[in-house]
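Asker: File name protein31.csv; file contents CSV, C-alpha atoms; full text below.
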chain,number,residue,atom,x,y,z
A,11,ALA,CA,28.8,43.1,47.9
A,12,HIS,CA,27.3,40.3,49.9
A,13,SER,CA,30.1,37.8,49.0
A,14,VAL,CA,32.7,40.4,49.9
A,15,ALA,CA,31.1,41.1,53.3
A,16,VAL,CA,31.0,37.3,54.0
A,17,GLY,CA,34.6,36.9,52.9
A,18,LEU,CA,35.7,39.8,55.2
A,19,ILE,CA,33.8,38.4,58.2
A,20,ALA,CA,35.1,34.9,57.6
A,21,ALA,CA,38.7,36.3,57.4
A,22,VAL,CA,38.3,38.2,60.7
A,23,VAL,CA,36.9,35.1,62.4
A,24,LEU,CA,39.0,32.4,60.9
A,25,MET,CA,42.5,34.0,60.9
A,26,PRO,CA,42.8,34.3,64.7
A,27,ILE,CA,41.5,30.7,65.1
A,28,GLY,CA,44.0,29.5,62.6
A,29,LEU,CA,46.8,31.4,64.3
A,30,SER,CA,45.9,30.1,67.7
A,31,MET,CA,45.8,26.5,66.3
A,32,ALA,CA,49.2,27.0,64.7
A,33,LEU,CA,50.7,28.1,68.0
A,34,MET,CA,49.3,25.2,70.0
A,35,PRO,CA,51.9,22.5,70.7
A,36,GLY,CA,51.5,18.9,69.6
A,37,LEU,CA,49.3,17.3,67.0
A,38,VAL,CA,47.0,20.3,66.5
A,39,GLN,CA,50.0,22.5,65.5
A,40,GLU,CA,51.3,19.9,63.1
A,41,LEU,CA,48.0,19.4,61.3
A,42,THR,CA,47.4,23.1,61.1
A,43,LEU,CA,50.8,23.8,59.5
A,44,LYS,CA,50.1,21.0,57.0
A,45,MET,CA,46.8,22.6,56.2
A,46,VAL,CA,48.5,26.0,55.7
A,47,ASP,CA,51.2,24.3,53.5
A,48,THR,CA,48.5,22.7,51.3
A,49,PHE,CA,46.5,26.0,51.1
A,50,ILE,CA,49.6,27.9,49.9
A,51,SER,CA,50.5,25.2,47.5
A,52,ILE,CA,47.0,25.2,45.9
A,53,PHE,CA,46.9,29.0,45.9
A,54,LEU,CA,50.1,29.2,43.9
A,55,ALA,CA,48.9,26.5,41.5
A,56,VAL,CA,45.7,28.4,40.9
A,57,LEU,CA,47.7,31.5,40.1
A,58,TRP,CA,49.8,29.7,37.6
A,59,PHE,CA,46.8,28.1,36.1
A,60,ASN,CA,45.1,31.4,35.7
A,61,CYS,CA,48.2,32.9,34.1
A,62,PHE,CA,48.4,30.0,31.6
A,63,THR,CA,44.7,30.2,30.8
A,64,GLN,CA,45.0,33.9,30.2
A,65,PHE,CA,47.9,33.2,27.8
A,66,LEU,CA,45.7,30.9,25.8
A,67,VAL,CA,42.9,33.4,25.7
A,68,SER,CA,45.1,36.5,24.9
A,69,PHE,CA,46.9,34.8,22.0
A,70,LYS,CA,43.8,32.9,20.8
A,71,ILE,CA,45.5,29.6,20.9
A,72,ALA,CA,42.2,27.7,20.5
A,73,GLN,CA,41.7,29.2,17.1
A,74,ALA,CA,45.1,28.2,15.7
A,75,PHE,CA,44.0,24.6,14.8
A,76,THR,CA,41.7,21.9,16.1
A,77,LEU,CA,42.3,21.0,19.7
A,78,ALA,CA,45.3,23.4,19.8
A,79,ALA,CA,44.6,24.5,23.4
A,80,GLU,CA,44.2,20.9,24.6
A,81,ILE,CA,47.4,19.7,22.9
A,82,LEU,CA,49.3,22.6,24.4
A,83,SER,CA,47.9,21.9,27.8
A,84,PHE,CA,48.9,18.2,27.6
A,85,GLY,CA,52.4,19.4,26.6
A,86,GLN,CA,52.4,21.6,29.7
A,87,ILE,CA,51.8,18.6,31.9
A,88,VAL,CA,54.8,16.8,30.5
A,89,ILE,CA,57.0,19.9,30.7
A,90,LEU,CA,56.0,20.7,34.3
A,91,TYR,CA,56.7,17.0,35.2
A,92,ILE,CA,60.1,17.1,33.7
A,93,ILE,CA,61.0,20.3,35.5
A,94,ALA,CA,59.8,18.9,38.8
A,95,ASN,CA,62.1,15.9,38.3
A,96,ILE,CA,65.1,18.0,37.4
A,97,VAL,CA,64.6,20.4,40.4
A,98,ALA,CA,64.0,17.4,42.8
A,99,TYR,CA,67.3,15.9,41.6
A,100,LEU,CA,69.2,19.2,42.1
A,101,TRP,CA,67.8,19.5,45.7
A,102,LYS,CA,68.0,15.7,46.4
A,103,ASP,CA,70.0,16.3,49.6
A,104,ASP,CA,67.8,19.0,51.0
A,105,ASP,CA,64.8,17.6,52.9
A,106,MET,CA,62.8,20.8,53.3
A,107,ARG,CA,63.4,22.1,49.7
A,108,VAL,CA,62.7,18.9,47.8
A,109,THR,CA,59.6,18.1,50.0
A,110,THR,CA,58.1,21.5,49.7
A,111,PHE,CA,58.9,21.8,46.0
A,112,CYS,CA,57.3,18.5,45.1
A,113,SER,CA,54.3,19.3,47.1
A,114,CYS,CA,53.7,22.5,45.2
A,115,SER,CA,54.6,20.8,41.9
A,116,ALA,CA,52.0,18.1,42.4
A,117,HIS,CA,49.2,20.8,42.5
A,118,PHE,CA,50.7,22.7,39.5
A,119,ILE,CA,50.8,19.5,37.4
A,120,ALA,CA,47.3,18.4,38.7
A,121,PHE,CA,45.6,21.7,37.8
A,122,ALA,CA,47.2,21.6,34.4
A,123,GLY,CA,46.0,18.0,34.0
A,124,ILE,CA,42.5,18.9,35.1
A,125,ALA,CA,42.3,21.7,32.6
A,126,ALA,CA,43.7,19.6,29.7
A,127,THR,CA,41.8,16.4,30.4
A,128,GLY,CA,38.5,18.1,31.3
A,129,GLN,CA,38.4,19.8,27.9
A,130,ALA,CA,39.4,16.6,26.1
A,131,GLN,CA,36.8,14.7,28.0
A,132,ALA,CA,34.1,17.1,26.9
A,133,ALA,CA,35.4,17.0,23.3
A,134,THR,CA,35.2,13.1,23.4
A,135,MET,CA,31.4,13.2,23.7
A,136,GLU,CA,31.2,15.0,20.3
A,137,TYR,CA,32.3,11.8,18.5
A,138,PHE,CA,29.8,9.4,20.1
A,139,PRO,CA,26.0,8.9,19.9
A,140,ASP,CA,24.1,10.3,22.9
A,141,LEU,CA,23.4,6.8,24.1
A,142,LEU,CA,27.1,6.1,24.5
A,143,ASP,CA,28.1,9.4,26.2
A,144,PRO,CA,28.3,8.0,29.7
A,145,ILE,CA,30.4,5.1,28.5
A,146,ALA,CA,32.7,7.5,26.5
A,147,VAL,CA,33.4,9.8,29.4
A,148,TRP,CA,34.1,6.9,31.8
A,149,ALA,CA,36.3,5.2,29.3
A,150,PHE,CA,38.2,8.5,29.0
A,151,VAL,CA,38.9,8.4,32.7
A,152,GLY,CA,40.6,5.1,32.2
A,153,LEU,CA,42.5,6.4,29.2
A,154,VAL,CA,43.9,9.3,31.3
A,155,GLY,CA,44.8,7.0,34.1
A,156,LEU,CA,46.7,4.9,31.5
A,157,PHE,CA,48.4,8.0,30.1
A,158,LEU,CA,49.7,9.0,33.5
A,159,PHE,CA,50.7,5.5,34.4
A,160,VAL,CA,52.8,5.2,31.2
A,161,MET,CA,54.4,8.6,31.7
A,162,PHE,CA,55.4,7.8,35.3
A,163,VAL,CA,56.6,4.3,34.6
A,164,SER,CA,58.6,5.5,31.6
A,165,ASN,CA,60.3,8.0,33.8
A,166,LYS,CA,60.9,5.3,36.4
A,167,VAL,CA,62.5,3.0,33.9
A,168,LEU,CA,64.5,5.6,31.8
A,169,TRP,CA,65.8,7.8,34.6
A,170,ARG,CA,64.7,7.2,38.2
A,171,ASN,CA,66.1,3.6,38.4
A,172,ARG,CA,69.5,5.2,37.8
A,173,CYS,CA,69.2,7.3,40.9
A,174,LYS,CA,67.9,4.7,43.4
A,175,GLU,CA,70.4,5.8,46.0
A,176,TYR,CA,68.6,9.1,46.6
A,177,ASP,CA,65.8,7.9,48.8
A,178,LEU,CA,64.5,11.4,49.7
A,179,MET,CA,64.1,12.4,46.0
A,180,GLN,CA,62.5,9.1,45.1
A,181,GLU,CA,59.9,9.4,48.0
A,182,SER,CA,59.1,13.0,47.1
A,183,ILE,CA,58.5,12.2,43.4
A,184,ASP,CA,56.4,9.1,44.4
A,185,GLU,CA,54.2,11.4,46.5
A,186,LEU,CA,54.0,13.9,43.6
A,187,GLU,CA,52.9,11.3,41.1
A,188,LEU,CA,50.3,9.7,43.4
A,189,ASP,CA,48.8,13.1,44.2
A,190,VAL,CA,48.6,14.1,40.5
A,191,VAL,CA,46.8,10.8,39.7
A,192,GLY,CA,44.4,11.2,42.6
A,193,LEU,CA,43.5,14.9,41.8
A,194,VAL,CA,43.1,14.4,38.1
A,195,ILE,CA,41.2,11.1,38.2
A,196,SER,CA,38.8,12.3,40.9
A,197,PHE,CA,37.9,15.4,38.9
A,198,LEU,CA,37.2,13.4,35.7
A,199,ALA,CA,35.2,10.8,37.6
A,200,THR,CA,33.1,13.6,39.2
A,201,GLN,CA,32.4,15.1,35.8
A,202,SER,CA,31.5,11.6,34.4
A,203,MET,CA,29.1,11.1,37.3
A,204,ARG,CA,27.4,14.5,36.4
A,205,VAL,CA,27.2,13.4,32.8
A,206,LEU,CA,25.5,10.2,33.9
A,207,ILE,CA,22.7,12.1,35.8
A,208,THR,CA,22.3,15.2,33.5
A,209,GLY,CA,23.0,13.8,30.0
A,210,SER,CA,25.4,16.7,29.0
A,211,TYR,CA,28.9,17.6,29.9
A,212,PRO,CA,28.7,20.2,32.8
A,213,GLU,CA,30.5,23.5,32.9
A,214,HIS,CA,33.8,23.4,34.7
A,215,PHE,CA,34.3,24.7,38.2
A,216,LEU,CA,35.5,28.2,38.8
A,217,LEU,CA,38.6,29.2,36.8
A,218,LEU,CA,38.3,26.1,34.6
A,219,GLN,CA,35.5,27.8,32.8
A,220,LEU,CA,37.9,30.1,30.9
A,221,GLY,CA,39.2,30.0,27.4
A,222,PHE,CA,39.4,26.5,25.9
A,223,GLY,CA,37.8,26.4,22.6
A,224,GLY,CA,34.7,28.2,23.7
A,225,HIS,CA,33.5,25.8,26.4
A,226,GLY,CA,32.9,28.1,29.3
A,227,GLY,CA,34.3,31.1,27.4
A,228,GLY,CA,31.3,32.2,25.3
A,229,GLY,CA,33.3,32.4,22.1
A,230,GLY,CA,31.9,29.7,19.9
A,231,ASN,CA,31.9,26.0,20.3
A,232,GLY,CA,35.5,25.4,19.1
A,233,HIS,CA,34.3,23.7,15.9
A,234,GLY,CA,34.1,26.7,13.6
A,235,ASP,CA,30.8,28.0,15.0
A,236,GLU,CA,31.2,31.7,16.0
A,237,SER,CA,27.6,32.2,17.1
A,238,GLY,CA,28.6,32.4,20.8
A,239,GLU,CA,26.6,30.7,23.5
A,240,GLU,CA,23.8,29.6,21.2
A,241,GLY,CA,26.4,27.7,19.1
A,242,HIS,CA,27.4,25.3,21.8
A,243,SER,CA,26.8,21.7,21.2
A,244,ASN,CA,23.9,20.3,23.1
A,245,LYS,CA,26.2,17.7,24.7
A,246,ARG,CA,28.4,20.4,26.3
A,247,GLY,CA,26.2,22.0,28.9
A,248,HIS,CA,27.6,25.5,29.1
A,249,HIS,CA,25.1,26.5,31.7
A,250,THR,CA,23.9,23.1,32.9
A,251,HIS,CA,20.8,23.3,35.0
A,252,HIS,CA,20.7,20.8,37.8
A,253,GLU,CA,17.4,19.6,39.0
A,254,GLU,CA,16.8,19.4,42.7
A,255,TRP,CA,17.0,15.6,42.8
A,256,GLN,CA,20.4,15.8,41.0
A,257,ARG,CA,21.8,18.1,43.6
A,258,TRP,CA,20.5,15.8,46.4
A,259,PHE,CA,22.0,12.8,44.5
A,260,MET,CA,25.4,14.4,44.5
A,261,PHE,CA,25.1,15.4,48.1
A,262,PHE,CA,24.3,11.9,49.3
A,263,TYR,CA,26.9,10.5,46.8
A,264,ALA,CA,29.6,12.7,48.5
A,265,LEU,CA,28.2,11.9,52.0
A,266,VAL,CA,28.4,8.1,51.4
A,267,LEU,CA,31.9,8.4,50.1
A,268,CYS,CA,32.8,10.4,53.2
A,269,ILE,CA,31.5,7.7,55.5
A,270,VAL,CA,33.2,4.9,53.5
A,271,THR,CA,36.5,6.8,53.5
A,272,SER,CA,36.4,7.4,57.2
A,273,LEU,CA,35.7,3.8,58.0
A,274,ALA,CA,37.8,2.1,55.3
A,275,MET,CA,41.1,4.1,55.1
A,276,PRO,CA,42.4,3.4,58.7
A,277,ARG,CA,41.8,-0.3,58.2
A,278,LEU,CA,43.5,-0.3,54.8
A,279,ASN,CA,46.5,1.6,56.1
A,280,ALA,CA,46.9,-0.9,58.8
A,281,LEU,CA,46.6,-3.9,56.4
A,282,VAL,CA,49.3,-2.6,54.0
A,283,ARG,CA,51.8,-1.4,56.6
A,284,GLY,CA,55.2,-2.5,55.5
A,285,ASN,CA,54.2,-3.3,51.9
A,286,GLU,CA,55.5,-0.4,49.8
A,287,THR,CA,53.5,-1.2,46.6
A,288,MET,CA,50.2,-1.6,48.3
A,289,SER,CA,50.9,1.5,50.5
A,290,LYS,CA,51.2,3.5,47.3
A,291,PHE,CA,47.9,2.0,46.0
A,292,VAL,CA,46.1,2.9,49.3
A,293,HIS,CA,47.6,6.4,49.2
A,294,VAL,CA,46.3,7.2,45.7
A,295,THR,CA,42.9,5.6,46.6
A,296,LYS,CA,42.8,7.9,49.6
A,297,VAL,CA,43.5,11.0,47.5
A,298,ILE,CA,40.9,10.0,44.9
A,299,LEU,CA,38.2,9.4,47.6
A,300,ILE,CA,38.9,12.6,49.4
A,301,MET,CA,38.8,14.7,46.2
A,302,LEU,CA,35.7,12.9,45.0
A,303,ILE,CA,34.0,14.0,48.2
A,304,ALA,CA,35.3,17.6,47.8
A,305,TRP,CA,34.2,17.8,44.1
A,306,GLY,CA,30.9,16.2,45.0
A,307,PHE,CA,30.1,18.8,47.7
A,308,LEU,CA,31.1,21.6,45.4
A,309,LEU,CA,28.0,20.9,43.3
Please render this file's structure as structure tokens.

Answerer:
Amino acid sequence: AHSVAVGLIAAVVLMPIGLSMALMPGLVQELTLKMVDTFISIFLAVLWFNCFTQFLVSFKIAQAFTLAAEILSFGQIVILYIIANIVAYLWKDDDMRVTTFCSCSAHFIAFAGIAATGQAQAATMEYFPDLLDPIAVWAFVGLVGLFLFVMFVSNKVLWRNRCKEYDLMQESIDELELDVVGLVISFLATQSMRVLITGSYPEHFLLLQLGFGGHGGGGGNGHGDESGEEGHSNKRGHHTHHEEWQRWFMFFYALVLCIVTSLAMPRLNALVRGNETMSKFVHVTKVILIMLIAWGFLL
């Protein structure tokens, strides 16, 4: 009841403010509309993610065989990426359509990637001694980065190089790929940081707690143990308790990143202006830093 009341009051207060900002001419209007566009894109991606997760739960995919849900989730990433490329090609001459679609697709693919890699990262810890857990989760971040790099470069070599004349499509897919890398890597890096300070893999945020082999779902540990919550591995902190110092650590971690990003990004953008390759590197760095800040403050 309390959260509902806060939500209603916030809606009553924020909606008129947002509407007035959207109607203002100039930069304020442009930035407000970009924010609304991102909000709608993330909202649609969350709906799809919730639908896919419920599919896994309803049909008990995790019980089919070892890592079934994770494998299906990785397959979903590839399928969504292929669909995004096909639709971008079909709408290659329509600026509004291809830009909007690729913006939404980036969040769809990123949420699918977060779900799949987050669960696989947690499972990785089961195969290493406790002492090596922090190294294992950070190494997994690099492995996921390599997986995405190989997938995107393969697409570039096998197909996109044959369509170089469609600049709008190429730019939109580039933005999509960079956003996916930034969102997925930032989430895994945040989870790795939490492993470093807690010693166990933390529960996932919000909807990510549902239905992958028992982690966050209360249905066993995904390794044949049906004892429920008590059957979870000690490494996978289903209800991780964070000490006060750990929360303060994450707060100052996010705050420092916020200051560094605010000071460094304008200078980096100025330095790489005109260099396409370095501009892409700065863009993905910016996305990673911004999302590291967001994930950090969520704790």

Asker: Just how far from atom CA of A:Arg172 is atom CA of A:Leu186, in Å to one decimal?

Answerer: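 If I compute the distance from atom CA of A:Leu186 to atom CA of A:Arg172, I get 18.7 Å.
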
Asker: Record the distance separating atom CA of A:Arg277 and atom CA of A:Tyr263, expressed in Å with one decimal.

Answerer: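 Pair atom CA of A:Arg277 / atom CA of A:Tyr263 returns 21.6 Å.
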
Asker: Counting all atoms listed in the file, which of A:Leu29, A:Met301, A:Ala78, A:Leu265 gets nearest to A:Ile195?

Answerer: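 Checking each of A:Leu29, A:Met301, A:Ala78, A:Leu265 against A:Ile195, counting all atoms listed in the file, the winner is A:Met301.
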
Asker: Can you work out the spacing between atom CA of A:Val191 and atom CA of A:Lys102 in Å, to one decimal?

Answerer: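 So the two atoms, atom CA of A:Val191 and atom CA of A:Lys102, lie 22.8 Å apart.
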
Asker: Find the residues near stretch 121-127 of chain A: any atom within 10 Å, counting only C-alpha atoms, skip ones fewer than 4 places away on the same chain, and give them as a PyMOL selection string.

Answerer: chain A and resi 52+55-56+58-60+62-63+79-88+90+115-117+131-133+150-151+154+158+190-191+193-198+214+217-220+222

Asker: So, counting all atoms listed in the file, which residue among A:Ile269, A:Pro276, A:Arg170, A:Met135 is closest to A:Gly209?

Answerer: A:Met135

Asker: Take the point (21.0, 18.4, 43.6) in the file's coordinates, draw a sphere of radius 12 Å around it, and report as a ChimeraX atom specification every protein, DNA or RNA residue with an atom inside or on it, counting only C-alpha atoms.

Answerer: /A:204,207-208,251-264,306-309

Asker: Counting only C-alpha atoms, write as a PyMOL selection string all protein and nucleic acid residues lying at most 12 Å from (60.1, 21.9, 47.2) in the file's frame.

Answerer: chain A and resi 47+51+93-117+178-179+182-183+186

Asker: For A:Ala32, find every residue with an atom within 7 Å (counting all atoms listed in the file), except residues of its own chain fewer than 4 positions away, and show them as number ranges by chain.

Answerer: A: 28, 39, 42-43
